Amino acid sequence: MPSSPHDPAPDALTRRAAELEALRQAELDTSVSGDQREVTGESSTVSQHPADTADFTYERQLQHTTQQLLEREAEQVEVALRARETGTYGVCASCSRSIPPERLQARPEATHCVDCQRRAETGRGAI
Ligand SMILES: [Zn+2]
């Protein structure tokens, strides 16, 4: 296992990437079976009460939201992994200040300091 001692949280990020990959795979597996039911029209052969349909729609929406969140997280992790390769990991991509190790421990995929992240999340100024 290659490891660079100067990385603040080398293994946390790799672990996060693996975690996310597993979660996305699990989500994809569930959504594929759901989509297949829709595509093949099998759902019409099953008697459906309106309540069931509503539950199903809600579940689909929830799943979609979860997928989007996972997608975003995975993108973040990838950006962080790339940053590690180029040696800019742990440095804020916006203001170039170093990101505190505590933050990297809590969010290994963080590529921005708390200030810049907050600014981006409140929609004031782009990342
Ligand atoms: Zn910053």
# chains A, B, ... in the order shown; residues from 1 in each chain; ligands from 1
call {"tool": "residues_around", "arguments": {"residues": "segment 65-71 of chain A", "least_positions_apart": "5", "cutoff": "9 Å", "atoms": "only C-alpha atoms", "output": "number ranges by chain"}}
result
A: 20-21, 23-24, 27-28, 60, 76
call {"tool": "closest_atom_pairs", "arguments": {"of": "chain A", "to": "ligand 1", "cutoff": "8 Å", "atoms": "only C-alpha atoms and all ligand atoms", "output": "Markdown table"}}
result
| residue | atom | partner | partner_atom_place_in_ligand_line | distance |
| --- | --- | --- | --- | --- |
| A:Cys92 | CA | ligand 1 | 1 (Zn) | 4.7 |
| A:Ala93 | CA | ligand 1 | 1 (Zn) | 6.6 |
| A:Ser94 | CA | ligand 1 | 1 (Zn) | 4.9 |
| A:Cys95 | CA | ligand 1 | 1 (Zn) | 4.1 |
| A:Ser96 | CA | ligand 1 | 1 (Zn) | 6.2 |
| A:Arg97 | CA | ligand 1 | 1 (Zn) | 5.9 |
| A:Ser98 | CA | ligand 1 | 1 (Zn) | 7.9 |
| A:Ile99 | CA | ligand 1 | 1 (Zn) | 7.7 |
| A:His112 | CA | ligand 1 | 1 (Zn) | 5.2 |
| A:Cys113 | CA | ligand 1 | 1 (Zn) | 4.3 |
| A:Val114 | CA | ligand 1 | 1 (Zn) | 6.8 |
| A:Asp115 | CA | ligand 1 | 1 (Zn) | 5.7 |
| A:Cys116 | CA | ligand 1 | 1 (Zn) | 4.3 |
| A:Gln117 | CA | ligand 1 | 1 (Zn) | 7.1 |
call {"tool": "write_last_selection", "arguments": {"atoms": "C-alpha atoms", "output": "PDB file, in the first residue's frame"}}
result
ATOM      1  CA  CYS A  92      -8.828  25.053  -0.685  1.00  0.00           C
ATOM      2  CA  ALA A  93      -9.490  25.183  -4.426  1.00  0.00           C
ATOM      3  CA  SER A  94     -10.938  28.677  -4.099  1.00  0.00           C
ATOM      4  CA  CYS A  95      -8.774  30.639  -1.690  1.00  0.00           C
ATOM      5  CA  SER A  96      -5.697  28.356  -1.581  1.00  0.00           C
ATOM      6  CA  ARG A  97      -5.667  28.295   2.196  1.00  0.00           C
ATOM      7  CA  SER A  98      -5.022  24.896   3.740  1.00  0.00           C
ATOM      8  CA  ILE A  99      -8.080  22.988   4.866  1.00  0.00           C
ATOM      9  CA  HIS A 112     -12.792  23.766  -0.130  1.00  0.00           C
ATOM     10  CA  CYS A 113     -12.366  25.330   3.265  1.00  0.00           C
ATOM     11  CA  VAL A 114     -15.436  25.865   5.421  1.00  0.00           C
ATOM     12  CA  ASP A 115     -15.730  29.525   4.426  1.00  0.00           C
ATOM     13  CA  CYS A 116     -15.646  28.901   0.700  1.00  0.00           C
ATOM     14  CA  GLN A 117     -17.908  25.880   0.990  1.00  0.00           C
TER      15      GLN A 117
END
call {"tool": "residues_around", "arguments": {"residues": "Pro100 of chain A", "least_positions_apart": "4", "cutoff": "9 Å", "atoms": "only C-alpha atoms", "output": "list in words"}}
result
Pro8, Gly90, Val91, Leu104, Gln105, Cys113 and Val114 of chain A
call {"tool": "write_last_selection", "arguments": {"atoms": "C-alpha atoms", "output": "short mmCIF file (atom, residue, chain, number, x, y, z; two decimals), in the first residue's frame"}}
result
data_model
loop_
_atom_site.label_atom_id
_atom_site.label_comp_id
_atom_site.auth_asym_id
_atom_site.auth_seq_id
_atom_site.Cartn_x
_atom_site.Cartn_y
_atom_site.Cartn_z
CA PRO A 8 -3.55 14.65 6.24
CA GLY A 90 -5.92 19.64 1.62
CA VAL A 91 -5.67 23.04 -0.04
CA LEU A 104 -10.60 16.56 6.17
CA GLN A 105 -11.17 13.89 8.75
CA CYS A 113 -12.37 25.33 3.27
CA VAL A 114 -15.44 25.86 5.42
#
call {"tool": "select_by_dssp", "arguments": {"residues": "segment 21-118 of chain A", "states": "helix (DSSP H, G or I)", "output": "number ranges by chain"}}
result
A: 21-40, 42-45, 50-85, 101-106, 114-118
call {"tool": "closest_residue", "arguments": {"among": "A:Asp52, A:Glu59, A:Glu73, A:Glu109", "to": "Asp11 of chain A", "atoms": "only C-alpha atoms"}}
result
A:Glu109
call {"tool": "atom_distance", "arguments": {"atom1": "atom CA of Val77 of chain A", "atom2": "atom CA of Ala106 of chain A"}}
result
13.1 Å
call {"tool": "atom_distance", "arguments": {"atom1": "atom CA of Glu75 of chain A", "atom2": "atom CA of Arg107 of chain A"}}
result
13.5 Å
call {"tool": "atom_distance", "arguments": {"atom1": "atom CA of Ala12 of chain A", "atom2": "atom CA of Gly123 of chain A"}}
result
28.3 Å
